[in-house]
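Content type mmCIF, C-alpha atoms, from the file upload-v2.cif:
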data_target
loop_
_atom_site.group_PDB
_atom_site.id
_atom_site.type_symbol
_atom_site.label_atom_id
_atom_site.label_comp_id
_atom_site.auth_asym_id
_atom_site.auth_seq_id
_atom_site.Cartn_x
_atom_site.Cartn_y
_atom_site.Cartn_z
ATOM 1 C CA MET X 1 2.301 17.013 -10.072
ATOM 2 C CA GLU X 2 -0.192 18.751 -7.830
ATOM 3 C CA THR X 3 1.162 20.382 -4.712
ATOM 4 C CA VAL X 4 -0.278 21.353 -1.383
ATOM 5 C CA SER X 5 0.770 24.266 0.760
ATOM 6 C CA GLY X 6 0.970 24.990 4.494
ATOM 7 C CA GLY X 7 -1.985 24.603 6.828
ATOM 8 C CA ASP X 8 -2.712 21.964 9.402
ATOM 9 C CA LYS X 9 -2.171 18.533 7.948
ATOM 10 C CA PRO X 10 -2.952 15.410 9.940
ATOM 11 C CA GLU X 11 0.384 13.783 10.789
ATOM 12 C CA HIS X 12 -0.985 10.287 10.119
ATOM 13 C CA LEU X 13 -1.410 11.223 6.443
ATOM 14 C CA ILE X 14 2.092 12.663 5.960
ATOM 15 C CA TRP X 15 4.744 10.258 4.718
ATOM 16 C CA ARG X 16 8.291 11.564 5.228
ATOM 17 C CA LEU X 17 10.929 10.857 2.581
ATOM 18 C CA ASN X 18 13.994 11.608 4.711
ATOM 19 C CA GLU X 19 15.694 8.266 3.976
ATOM 20 C CA PHE X 20 15.686 8.982 0.227
ATOM 21 C CA LYS X 21 18.355 11.012 -1.557
ATOM 22 C CA ASN X 22 16.303 11.077 -4.748
ATOM 23 C CA HIS X 23 12.969 12.404 -3.487
ATOM 24 C CA GLU X 24 11.498 12.800 -6.969
ATOM 25 C CA ARG X 25 12.022 9.129 -7.742
ATOM 26 C CA ALA X 26 10.373 8.097 -4.453
ATOM 27 C CA ILE X 27 7.452 10.449 -5.158
ATOM 28 C CA SER X 28 6.931 9.119 -8.694
ATOM 29 C CA PHE X 29 7.159 5.543 -7.481
ATOM 30 C CA ALA X 30 4.531 6.086 -4.753
ATOM 31 C CA GLN X 31 2.157 8.080 -6.957
ATOM 32 C CA GLN X 32 1.775 5.254 -9.452
ATOM 33 C CA PHE X 33 -0.130 3.260 -6.805
ATOM 34 C CA GLN X 34 -2.812 5.814 -5.887
ATOM 35 C CA GLU X 35 -5.315 4.224 -8.277
ATOM 36 C CA THR X 36 -4.472 0.616 -7.407
ATOM 37 C CA LEU X 37 -3.748 0.252 -3.678
ATOM 38 C CA CYS X 38 -5.829 1.367 -0.712
ATOM 39 C CA VAL X 39 -4.193 3.224 2.187
ATOM 40 C CA TYR X 40 -4.802 2.288 5.810
ATOM 41 C CA SER X 41 -4.203 4.778 8.635
ATOM 42 C CA GLY X 42 -3.944 3.127 12.045
ATOM 43 C CA PRO X 43 -4.175 6.249 14.246
ATOM 44 C CA VAL X 44 -7.658 7.019 12.916
ATOM 45 C CA GLN X 45 -8.556 3.409 12.023
ATOM 46 C CA GLN X 46 -9.583 4.294 8.483
ATOM 47 C CA LEU X 47 -9.126 2.671 5.091
ATOM 48 C CA TYR X 48 -8.956 5.138 2.195
ATOM 49 C CA THR X 49 -9.928 3.705 -1.175
ATOM 50 C CA ASN X 50 -10.135 7.013 -3.048
ATOM 51 C CA TYR X 51 -7.250 9.410 -2.425
ATOM 52 C CA GLU X 52 -4.529 11.459 -4.054
ATOM 53 C CA ILE X 53 -0.841 11.470 -3.209
ATOM 54 C CA SER X 54 0.276 15.099 -3.104
ATOM 55 C CA VAL X 55 3.540 16.913 -2.486
ATOM 56 C CA PRO X 56 3.673 20.026 -0.276
ATOM 57 C CA ARG X 57 4.686 23.113 -2.267
ATOM 58 C CA ASP X 58 7.274 24.125 0.267
ATOM 59 C CA GLU X 59 8.893 20.730 0.758
ATOM 60 C CA HIS X 60 9.698 17.765 -1.478
ATOM 61 C CA ARG X 61 10.671 15.563 1.452
ATOM 62 C CA SER X 62 7.206 14.316 2.233
ATOM 63 C CA LEU X 63 4.012 13.092 0.647
ATOM 64 C CA ILE X 64 0.500 13.773 1.839
ATOM 65 C CA ILE X 65 -2.331 11.298 1.413
ATOM 66 C CA LEU X 66 -5.441 13.339 0.597
ATOM 67 C CA PRO X 67 -8.693 11.350 0.827
ATOM 68 C CA ASP X 68 -11.333 12.580 -1.604
ATOM 69 C CA PRO X 69 -13.466 14.940 0.548
ATOM 70 C CA TYR X 70 -16.473 14.417 -1.742
ATOM 71 C CA ALA X 71 -16.450 10.627 -1.534
ATOM 72 C CA HIS X 72 -17.071 9.764 2.117
ATOM 73 C CA TYR X 73 -18.430 6.381 1.041
ATOM 74 C CA ASP X 74 -14.891 5.529 -0.188
ATOM 75 C CA THR X 75 -13.527 5.692 3.368
ATOM 76 C CA PHE X 76 -14.098 2.773 5.732
ATOM 77 C CA SER X 77 -13.894 3.670 9.423
ATOM 78 C CA TRP X 78 -13.373 1.689 12.610
ATOM 79 C CA ILE X 79 -10.905 -0.758 11.064
ATOM 80 C CA SER X 80 -8.806 -1.778 14.069
ATOM 81 C CA GLU X 81 -5.030 -1.993 13.764
ATOM 82 C CA GLU X 82 -5.156 -5.658 14.751
ATOM 83 C CA ALA X 83 -6.997 -6.336 11.460
ATOM 84 C CA VAL X 84 -4.035 -5.005 9.437
ATOM 85 C CA ARG X 85 -0.838 -7.056 9.371
ATOM 86 C CA PRO X 86 2.475 -6.929 7.467
ATOM 87 C CA THR X 87 2.845 -9.424 4.619
ATOM 88 C CA GLY X 88 6.620 -9.614 4.340
ATOM 89 C CA MET X 89 6.185 -8.676 0.662
ATOM 90 C CA SER X 90 7.358 -5.568 -1.143
ATOM 91 C CA ILE X 91 6.805 -4.048 -4.563
ATOM 92 C CA LEU X 92 10.048 -2.944 -6.211
ATOM 93 C CA PRO X 93 10.946 -1.391 -9.554
ATOM 94 C CA GLY X 94 12.229 -4.036 -11.969
ATOM 95 C CA ASP X 95 15.519 -2.222 -12.540
ATOM 96 C CA VAL X 96 16.589 -3.392 -9.060
ATOM 97 C CA PHE X 97 16.750 -6.853 -10.692
ATOM 98 C CA GLY X 98 17.935 -5.636 -14.108
ATOM 99 C CA LYS X 99 14.411 -5.951 -15.522
ATOM 100 C CA GLU X 100 11.508 -3.709 -16.510
ATOM 101 C CA GLY X 101 8.174 -3.216 -14.794
ATOM 102 C CA LEU X 102 7.202 -3.823 -11.188
ATOM 103 C CA TYR X 103 8.162 -6.841 -9.101
ATOM 104 C CA LEU X 104 6.687 -8.395 -5.977
ATOM 105 C CA THR X 105 8.968 -10.139 -3.499
ATOM 106 C CA LEU X 106 7.326 -13.338 -2.258
ATOM 107 C CA PRO X 107 8.523 -14.687 1.105
ATOM 108 C CA LEU X 108 9.947 -18.211 1.050
ATOM 109 C CA VAL X 109 11.646 -20.597 3.429
ATOM 110 C CA LYS X 110 14.621 -22.220 1.737
ATOM 111 C CA ASN X 111 16.842 -24.671 3.626
ATOM 112 C CA GLY X 112 15.228 -23.535 6.870
ATOM 113 C CA GLU X 113 16.056 -19.868 6.198
ATOM 114 C CA LYS X 114 13.663 -17.063 5.333
ATOM 115 C CA THR X 115 14.285 -15.474 1.959
ATOM 116 C CA THR X 116 12.303 -13.774 -0.810
ATOM 117 C CA ARG X 117 11.840 -14.417 -4.508
ATOM 118 C CA PRO X 118 11.101 -11.524 -6.870
ATOM 119 C CA VAL X 119 8.448 -12.181 -9.497
ATOM 120 C CA PRO X 120 6.636 -9.818 -11.873
ATOM 121 C CA LEU X 121 3.873 -8.061 -9.934
ATOM 122 C CA LYS X 122 1.049 -9.672 -11.909
ATOM 123 C CA VAL X 123 2.510 -13.162 -11.384
ATOM 124 C CA GLY X 124 2.962 -12.474 -7.663
ATOM 125 C CA LEU X 125 -0.592 -11.234 -7.198
ATOM 126 C CA LEU X 126 -2.054 -14.171 -9.126
ATOM 127 C CA THR X 127 0.064 -16.557 -7.027
ATOM 128 C CA MET X 128 -1.253 -14.996 -3.818
ATOM 129 C CA PHE X 129 -4.854 -15.173 -5.080
ATOM 130 C CA ARG X 130 -4.468 -18.850 -6.056
ATOM 131 C CA HIS X 131 -3.156 -19.755 -2.594
ATOM 132 C CA GLU X 132 -5.643 -17.773 -0.530
ATOM 133 C CA ARG X 133 -8.308 -19.435 1.549
ATOM 134 C CA ASP X 134 -11.927 -18.336 1.782
ATOM 135 C CA ASP X 135 -11.376 -17.331 5.399
ATOM 136 C CA MET X 136 -8.072 -15.579 4.584
ATOM 137 C CA PRO X 137 -8.277 -13.668 1.269
ATOM 138 C CA PHE X 138 -5.248 -11.697 0.121
ATOM 139 C CA LEU X 139 -6.268 -8.029 0.585
ATOM 140 C CA PRO X 140 -3.119 -5.882 0.292
ATOM 141 C CA VAL X 141 -3.036 -2.279 1.501
ATOM 142 C CA ILE X 142 -0.302 0.241 2.246
ATOM 143 C CA THR X 143 0.314 2.205 5.422
ATOM 144 C CA LYS X 144 2.481 5.064 6.583
ATOM 145 C CA GLY X 145 6.060 3.799 6.681
ATOM 146 C CA ASP X 146 5.586 1.282 3.863
ATOM 147 C CA LEU X 147 7.439 3.469 1.342
ATOM 148 C CA ARG X 148 11.062 2.601 2.045
ATOM 149 C CA ALA X 149 14.498 2.919 0.518
ATOM 150 C CA PHE X 150 15.914 -0.348 -0.778
ATOM 151 C CA ARG X 151 19.573 -0.817 -1.665
ATOM 152 C CA MET X 152 21.119 2.557 -2.296
ATOM 153 C CA ASP X 153 17.984 4.699 -2.537
ATOM 154 C CA GLU X 154 15.779 2.498 -4.726
ATOM 155 C CA PRO X 155 12.141 2.946 -3.641
ATOM 156 C CA SER X 156 10.176 -0.041 -2.406
ATOM 157 C CA LEU X 157 6.657 -0.359 -1.119
ATOM 158 C CA HIS X 158 6.026 -2.830 1.699
ATOM 159 C CA LEU X 159 2.555 -4.389 1.722
ATOM 160 C CA HIS X 160 0.223 -4.952 4.626
ATOM 161 C CA ARG X 161 -3.009 -6.921 4.395
ATOM 162 C CA ILE X 162 -6.487 -6.644 5.841
ATOM 163 C CA LEU X 163 -7.574 -9.737 7.773
ATOM 164 C CA PRO X 164 -11.375 -9.961 7.373
ATOM 165 C CA GLY X 165 -11.643 -12.370 10.304
ATOM 166 C CA LYS X 166 -10.434 -9.576 12.592
ATOM 167 C CA LEU X 167 -13.223 -7.233 11.437
ATOM 168 C CA SER X 168 -15.727 -8.812 13.806
ATOM 169 C CA ASP X 169 -17.379 -5.495 14.662
ATOM 170 C CA ARG X 170 -18.124 -4.770 10.975
ATOM 171 C CA SER X 171 -21.179 -6.166 9.233
ATOM 172 C CA GLU X 172 -20.707 -9.022 6.784
ATOM 173 C CA MET X 173 -21.914 -6.713 4.011
ATOM 174 C CA GLU X 174 -19.297 -4.072 4.885
ATOM 175 C CA VAL X 175 -16.516 -6.686 5.040
ATOM 176 C CA ARG X 176 -17.532 -7.933 1.575
ATOM 177 C CA GLN X 177 -17.556 -4.333 0.314
ATOM 178 C CA ILE X 178 -14.014 -3.752 1.646
ATOM 179 C CA GLN X 179 -12.849 -6.945 -0.072
ATOM 180 C CA ARG X 180 -14.545 -5.961 -3.337
ATOM 181 C CA VAL X 181 -13.021 -2.466 -3.425
ATOM 182 C CA ILE X 182 -9.497 -3.688 -2.675
ATOM 183 C CA ARG X 183 -9.776 -6.376 -5.356
ATOM 184 C CA GLU X 184 -11.288 -4.058 -7.973
ATOM 185 C CA LYS X 185 -8.390 -1.639 -7.592
ATOM 186 C CA LEU X 186 -5.890 -4.493 -8.025
ATOM 187 C CA ASN X 187 -7.547 -5.587 -11.278
ATOM 188 C CA PHE X 188 -5.422 -2.942 -12.999
ATOM 189 C CA TYR X 189 -2.431 -5.308 -12.679
ATOM 190 C CA LEU X 190 -4.260 -8.467 -13.745
#

Spit out the file's structure as C-alpha coordinates when you get a sec.
Amino acid sequence: METVSGGDKPEHLIWRLNEFKNHERAISFAQQFQETLCVYSGPVQQLYTNYEISVPRDEHRSLIILPDPYAHYDTFSWISEEAVRPTGMSILPGDVFGKEGLYLTLPLVKNGEKTTRPVPLKVGLLTMFRHERDDMPFLPVITKGDLRAFRMDEPSLHLHRILPGKLSDRSEMEVRQIQRVIREKLNFYL
(Lines of atoms letter the chains of each structure in order from A and count residues from 1; the text may use other names and numbers.)
(Lines give C-alpha, C1' and ligand atoms only; values in the text may rest on other atoms or scores of the structure.)
Protein backbone atom coordinates (compact mmCIF):
# COMPACT_ATOMS: atom_id res chain seq x y z
CA MET A 1 0.00 0.00 0.00
CA GLU A 2 1.51 3.28 -1.09
CA THR A 3 1.58 6.06 1.45
CA VAL A 4 1.75 9.81 1.29
CA SER A 5 3.39 12.10 3.79
CA GLY A 6 2.75 15.62 5.11
CA GLY A 7 2.44 18.64 2.85
CA ASP A 8 -0.60 20.62 1.85
CA LYS A 9 -3.36 18.31 0.76
CA PRO A 10 -6.63 19.66 -0.60
CA GLU A 11 -9.29 18.94 2.02
CA HIS A 12 -11.85 17.97 -0.63
CA LEU A 13 -9.67 14.97 -1.54
CA ILE A 14 -9.17 13.70 2.02
CA TRP A 15 -11.66 11.12 3.26
CA ARG A 16 -11.62 10.72 7.05
CA LEU A 17 -12.11 7.26 8.55
CA ASN A 18 -12.98 8.36 12.09
CA GLU A 19 -16.22 6.34 12.25
CA PHE A 20 -14.33 3.09 11.61
CA LYS A 21 -12.64 1.04 14.33
CA ASN A 22 -10.96 -1.17 11.75
CA HIS A 23 -9.27 1.40 9.52
CA GLU A 24 -7.35 -1.20 7.51
CA ARG A 25 -10.56 -2.94 6.48
CA ALA A 26 -12.12 0.37 5.40
CA ILE A 27 -8.97 1.24 3.44
CA SER A 28 -8.85 -2.12 1.66
CA PHE A 29 -12.55 -1.93 0.86
CA ALA A 30 -12.24 1.56 -0.67
CA GLN A 31 -9.06 0.81 -2.62
CA GLN A 32 -10.68 -2.01 -4.57
CA PHE A 33 -12.83 0.58 -6.38
CA GLN A 34 -10.09 2.90 -7.66
CA GLU A 35 -10.05 1.18 -11.06
CA THR A 36 -13.83 0.85 -11.40
CA LEU A 37 -15.59 3.93 -9.99
CA CYS A 38 -14.99 7.59 -10.77
CA VAL A 39 -14.72 10.14 -7.94
CA TYR A 40 -16.60 13.43 -7.97
CA SER A 41 -15.45 16.39 -5.87
CA GLY A 42 -18.14 19.04 -5.43
CA PRO A 43 -15.99 21.86 -3.99
CA VAL A 44 -13.90 21.98 -7.17
CA GLN A 45 -16.61 20.62 -9.49
CA GLN A 46 -14.36 17.93 -10.93
CA LEU A 47 -14.83 14.30 -11.91
CA TYR A 48 -11.69 12.17 -11.55
CA THR A 49 -11.61 9.08 -13.74
CA ASN A 50 -7.94 8.21 -13.17
CA TYR A 51 -6.77 8.38 -9.56
CA GLU A 52 -5.13 6.47 -6.75
CA ILE A 53 -6.41 6.02 -3.22
CA SER A 54 -3.48 6.59 -0.87
CA VAL A 55 -2.94 6.50 2.87
CA PRO A 56 -0.90 9.20 4.63
CA ARG A 57 2.27 7.77 6.19
CA ASP A 58 1.64 9.46 9.49
CA GLU A 59 -2.03 8.58 9.84
CA HIS A 60 -4.19 5.57 8.97
CA ARG A 61 -7.42 7.41 9.75
CA SER A 62 -7.85 8.98 6.36
CA LEU A 63 -7.55 8.31 2.66
CA ILE A 64 -6.37 10.72 0.02
CA ILE A 65 -7.69 10.70 -3.53
CA LEU A 66 -4.72 11.46 -5.80
CA PRO A 67 -5.70 12.29 -9.39
CA ASP A 68 -3.06 11.23 -11.90
CA PRO A 69 -1.06 14.46 -12.47
CA TYR A 70 0.05 13.24 -15.91
CA ALA A 71 -3.45 12.54 -17.21
CA HIS A 72 -5.26 15.88 -17.22
CA TYR A 73 -7.59 14.56 -19.92
CA ASP A 74 -8.92 12.06 -17.32
CA THR A 75 -10.33 14.89 -15.20
CA PHE A 76 -13.59 16.56 -16.21
CA SER A 77 -14.05 20.07 -14.83
CA TRP A 78 -17.04 22.35 -14.32
CA ILE A 79 -19.42 19.55 -13.34
CA SER A 80 -21.91 21.35 -11.11
CA GLU A 81 -23.04 19.77 -7.85
CA GLU A 82 -26.64 19.86 -9.05
CA ALA A 83 -25.66 17.30 -11.73
CA VAL A 84 -24.60 14.78 -9.06
CA ARG A 85 -27.30 13.18 -6.92
CA PRO A 86 -27.47 10.37 -4.34
CA THR A 87 -28.88 7.06 -5.58
CA GLY A 88 -30.00 5.51 -2.30
CA MET A 89 -27.81 2.51 -3.23
CA SER A 90 -24.73 1.20 -1.47
CA ILE A 91 -22.07 -1.39 -2.23
CA LEU A 92 -21.42 -3.71 0.71
CA PRO A 93 -19.16 -6.70 1.29
CA GLY A 94 -21.10 -9.95 0.92
CA ASP A 95 -20.18 -11.14 4.41
CA VAL A 96 -22.68 -8.59 5.78
CA PHE A 97 -25.31 -10.95 4.29
CA GLY A 98 -23.40 -14.18 4.99
CA LYS A 99 -22.25 -14.37 1.36
CA GLU A 100 -19.11 -13.79 -0.68
CA GLY A 101 -18.31 -11.00 -3.11
CA LEU A 102 -19.79 -7.52 -3.35
CA TYR A 103 -23.47 -6.64 -3.08
CA LEU A 104 -25.50 -3.66 -4.24
CA THR A 105 -28.52 -2.56 -2.22
CA LEU A 106 -31.37 -1.63 -4.57
CA PRO A 107 -34.03 0.73 -3.18
CA LEU A 108 -37.58 -0.61 -3.18
CA VAL A 109 -40.99 0.44 -1.94
CA LYS A 110 -42.71 -2.48 -0.24
CA ASN A 111 -46.16 -2.06 1.32
CA GLY A 112 -45.76 1.70 1.04
CA GLU A 113 -42.46 1.67 2.95
CA LYS A 114 -38.98 2.33 1.60
CA THR A 115 -36.60 -0.58 1.94
CA THR A 116 -33.61 -2.06 0.11
CA ARG A 117 -32.84 -5.43 -1.41
CA PRO A 118 -29.24 -6.67 -1.59
CA VAL A 119 -28.24 -8.34 -4.84
CA PRO A 120 -24.82 -9.36 -6.19
CA LEU A 121 -23.12 -6.26 -7.59
CA LYS A 122 -23.14 -7.50 -11.18
CA VAL A 123 -26.87 -8.32 -11.00
CA GLY A 124 -27.60 -4.91 -9.47
CA LEU A 125 -25.66 -3.02 -12.12
CA LEU A 126 -27.28 -4.98 -14.95
CA THR A 127 -30.71 -4.32 -13.40
CA MET A 128 -30.00 -0.59 -13.27
CA PHE A 129 -28.75 -0.59 -16.88
CA ARG A 130 -31.85 -2.47 -18.09
CA HIS A 131 -34.18 0.05 -16.42
CA GLU A 132 -32.39 3.22 -17.46
CA ARG A 133 -33.85 5.62 -19.97
CA ASP A 134 -31.94 7.29 -22.79
CA ASP A 135 -32.38 10.65 -21.08
CA MET A 136 -31.43 9.22 -17.66
CA PRO A 137 -28.55 6.70 -17.93
CA PHE A 138 -27.22 5.11 -14.76
CA LEU A 139 -23.79 6.73 -14.25
CA PRO A 140 -22.61 5.92 -10.70
CA VAL A 141 -19.78 7.84 -9.04
CA ILE A 142 -18.50 8.20 -5.49
CA THR A 143 -17.95 11.36 -3.48
CA LYS A 144 -16.35 12.36 -0.22
CA GLY A 145 -18.50 10.97 2.58
CA ASP A 146 -19.72 7.96 0.58
CA LEU A 147 -17.41 5.56 2.45
CA ARG A 148 -19.42 4.79 5.57
CA ALA A 149 -19.57 2.33 8.42
CA PHE A 150 -22.48 -0.09 8.22
CA ARG A 151 -23.62 -2.23 11.14
CA MET A 152 -20.79 -2.53 13.60
CA ASP A 153 -17.91 -1.20 11.49
CA GLU A 154 -18.57 -2.99 8.19
CA PRO A 155 -17.53 -0.68 5.32
CA SER A 156 -20.09 0.40 2.77
CA LEU A 157 -19.84 2.67 -0.22
CA HIS A 158 -22.83 4.88 -1.02
CA LEU A 159 -23.30 5.69 -4.71
CA HIS A 160 -24.13 8.98 -6.33
CA ARG A 161 -24.94 9.39 -10.01
CA ILE A 162 -24.21 11.93 -12.71
CA LEU A 163 -27.35 13.33 -14.35
CA PRO A 164 -26.38 14.18 -17.95
CA GLY A 165 -29.45 16.38 -18.37
CA LYS A 166 -28.01 18.72 -15.73
CA LEU A 167 -24.75 19.14 -17.68
CA SER A 168 -26.27 21.77 -19.95
CA ASP A 169 -23.11 23.88 -20.04
CA ARG A 170 -21.03 20.92 -21.32
CA SER A 171 -20.88 20.02 -24.99
CA GLU A 172 -22.77 16.96 -26.17
CA MET A 173 -19.44 15.37 -27.09
CA GLU A 174 -18.06 15.91 -23.57
CA VAL A 175 -21.24 14.52 -21.96
CA ARG A 176 -20.94 11.40 -24.15
CA GLN A 177 -17.26 11.10 -23.17
CA ILE A 178 -18.15 11.27 -19.45
CA GLN A 179 -20.78 8.57 -19.95
CA ARG A 180 -18.35 6.38 -21.90
CA VAL A 181 -15.58 6.61 -19.28
CA ILE A 182 -17.90 5.84 -16.37
CA ARG A 183 -19.37 2.85 -18.22
CA GLU A 184 -15.99 1.51 -19.37
CA LYS A 185 -14.73 1.46 -15.79
CA LEU A 186 -17.85 -0.44 -14.66
CA ASN A 187 -17.31 -3.12 -17.32
CA PHE A 188 -14.93 -4.77 -14.85
CA TYR A 189 -17.99 -6.03 -12.93
CA LEU A 190 -19.99 -7.13 -15.97

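Across the model, the gap from atom CA of X:Glu19 to atom CA of X:Gly42 is 21.8 Å.
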
Task: Best match for closeness to X:Leu37 among X:Phe150, X:Tyr189, X:Phe20, X:Tyr70, counting all atoms listed in the file - done: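 When distances to X:Leu37 are compared using all atoms listed in the file, the smallest one comes from X:Tyr189.
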
Tell me, as a PDB file with C-alpha atoms, in the frame of the given file, which residues lie within 7 Å of stretch 45-59 of chain X, counting all atoms listed in the file; anything in the same chain fewer than 2 positions away does not count.
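Output file part.pdb is given in full below:
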ATOM      1  CA  GLU X   2      -0.192  18.751  -7.830  1.00  0.00           C
ATOM      2  CA  THR X   3       1.162  20.382  -4.712  1.00  0.00           C
ATOM      3  CA  VAL X   4      -0.278  21.353  -1.383  1.00  0.00           C
ATOM      4  CA  SER X   5       0.770  24.266   0.760  1.00  0.00           C
ATOM      5  CA  GLN X  31       2.157   8.080  -6.957  1.00  0.00           C
ATOM      6  CA  GLN X  34      -2.812   5.814  -5.887  1.00  0.00           C
ATOM      7  CA  CYS X  38      -5.829   1.367  -0.712  1.00  0.00           C
ATOM      8  CA  VAL X  39      -4.193   3.224   2.187  1.00  0.00           C
ATOM      9  CA  TYR X  40      -4.802   2.288   5.810  1.00  0.00           C
ATOM     10  CA  SER X  41      -4.203   4.778   8.635  1.00  0.00           C
ATOM     11  CA  GLY X  42      -3.944   3.127  12.045  1.00  0.00           C
ATOM     12  CA  PRO X  43      -4.175   6.249  14.246  1.00  0.00           C
ATOM     13  CA  ARG X  61      10.671  15.563   1.452  1.00  0.00           C
ATOM     14  CA  SER X  62       7.206  14.316   2.233  1.00  0.00           C
ATOM     15  CA  LEU X  63       4.012  13.092   0.647  1.00  0.00           C
ATOM     16  CA  ILE X  64       0.500  13.773   1.839  1.00  0.00           C
ATOM     17  CA  ILE X  65      -2.331  11.298   1.413  1.00  0.00           C
ATOM     18  CA  LEU X  66      -5.441  13.339   0.597  1.00  0.00           C
ATOM     19  CA  PRO X  67      -8.693  11.350   0.827  1.00  0.00           C
ATOM     20  CA  ASP X  68     -11.333  12.580  -1.604  1.00  0.00           C
ATOM     21  CA  ASP X  74     -14.891   5.529  -0.188  1.00  0.00           C
ATOM     22  CA  THR X  75     -13.527   5.692   3.368  1.00  0.00           C
ATOM     23  CA  PHE X  76     -14.098   2.773   5.732  1.00  0.00           C
ATOM     24  CA  SER X  77     -13.894   3.670   9.423  1.00  0.00           C
ATOM     25  CA  TRP X  78     -13.373   1.689  12.610  1.00  0.00           C
ATOM     26  CA  ILE X  79     -10.905  -0.758  11.064  1.00  0.00           C
ATOM     27  CA  SER X  80      -8.806  -1.778  14.069  1.00  0.00           C
ATOM     28  CA  GLU X  81      -5.030  -1.993  13.764  1.00  0.00           C
TER      29      GLU X  81
END

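Between atom CA of X:Pro86 and atom CA of X:Ile162 lies a distance of 9.1 Å.
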
TODO: Place a sphere of radius 8 Å on (-8.1, -11.0, 6.3) in the file coordinates and name every protein, DNA or RNA residue with an atom inside or on its surface, counting only C-alpha atoms; give the answer as a list in words.
DONE: Ala83, Val84, Asp135, Met136, Pro137, Phe138, Leu139, Arg161, Ile162, Leu163, Pro164, Gly165 and Lys166 of chain X

TODO: May I have the residues within 9 Å of X:Gly145 as a PyMOL selection string, using all atoms listed in the file and disregarding those fewer than 4 positions away in the same chain?
DONE: chain X and resi 15-16+157-158

Could you please take those selected residues and save C-alpha atoms as a PDB file, in the coordinates of the input?
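Written file, out-v1.pdb:
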ATOM      1  CA  TRP X  15       4.744  10.258   4.718  1.00  0.00           C
ATOM      2  CA  ARG X  16       8.291  11.564   5.228  1.00  0.00           C
ATOM      3  CA  LEU X 157       6.657  -0.359  -1.119  1.00  0.00           C
ATOM      4  CA  HIS X 158       6.026  -2.830   1.699  1.00  0.00           C
TER       5      HIS X 158
END

- [ ] Please provide as a list in words all residues within 10 Å of stretch 112-118 of chain X, with the sequence filter that same-chain residues fewer than 2 positions apart are discarded (counting all atoms listed in the file).
- [x]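 Returned residues: Gly88, Met89, Ser90, Ile91, Leu92, Gly94, Phe97, Leu102, Tyr103, Leu104, Thr105, Leu106, Pro107, Leu108, Val109, Lys110, Pro120, Leu121, Val123 and Gly124 of chain X.
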
May I have the residues from that selection written out with C-alpha atoms, as a CSV table (one decimal), in the coordinates of the input?
chain,number,residue,atom,x,y,z
X,88,GLY,CA,6.6,-9.6,4.3
X,89,MET,CA,6.2,-8.7,0.7
X,90,SER,CA,7.4,-5.6,-1.1
X,91,ILE,CA,6.8,-4.0,-4.6
X,92,LEU,CA,10.0,-2.9,-6.2
X,94,GLY,CA,12.2,-4.0,-12.0
X,97,PHE,CA,16.8,-6.9,-10.7
X,102,LEU,CA,7.2,-3.8,-11.2
X,103,TYR,CA,8.2,-6.8,-9.1
X,104,LEU,CA,6.7,-8.4,-6.0
X,105,THR,CA,9.0,-10.1,-3.5
X,106,LEU,CA,7.3,-13.3,-2.3
X,107,PRO,CA,8.5,-14.7,1.1
X,108,LEU,CA,9.9,-18.2,1.0
X,109,VAL,CA,11.6,-20.6,3.4
X,110,LYS,CA,14.6,-22.2,1.7
X,120,PRO,CA,6.6,-9.8,-11.9
X,121,LEU,CA,3.9,-8.1,-9.9
X,123,VAL,CA,2.5,-13.2,-11.4
X,124,GLY,CA,3.0,-12.5,-7.7

TODO: Mind giving me the straight-line distance from atom CA of X:Arg148 to atom CA of X:Pro69 in Å, one decimal?
DONE: 27.5 Å

Task: Counting only C-alpha atoms, the residue of X:Lys185, X:Lys122, X:His23, X:Arg85 that sits nearest X:Ala149 - done: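 Residue with the minimum atom-to-atom distance to X:Ala149: X:His23.
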
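You can rank X:Ala71, X:Gly101, X:Pro93, X:Pro140 by their closest distance to X:Met128 using only C-alpha atoms, and at the top of that list sits X:Pro140.
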
TODO: Write out as a list in words which residues come within 10 Å of X:Lys21 when counting all atoms listed in the file, dropping same-chain ones fewer than 4 positions away.
DONE: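 In the requested form, the answer reads Leu17, Arg25, Ala26, Arg61, Ala149, Met152, Asp153 and Glu154 of chain X.
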
TODO: Between X:Glu24, X:Glu11, X:Glu35, X:Asp95, single out the one closest to X:Val181, counting all atoms listed in the file.
DONE: X:Glu35

Task: Distance criterion (all atoms listed in the file): nearest to X:Phe29 out of X:Ile14, X:Leu147, X:Val44, X:Leu126 - done: X:Leu147
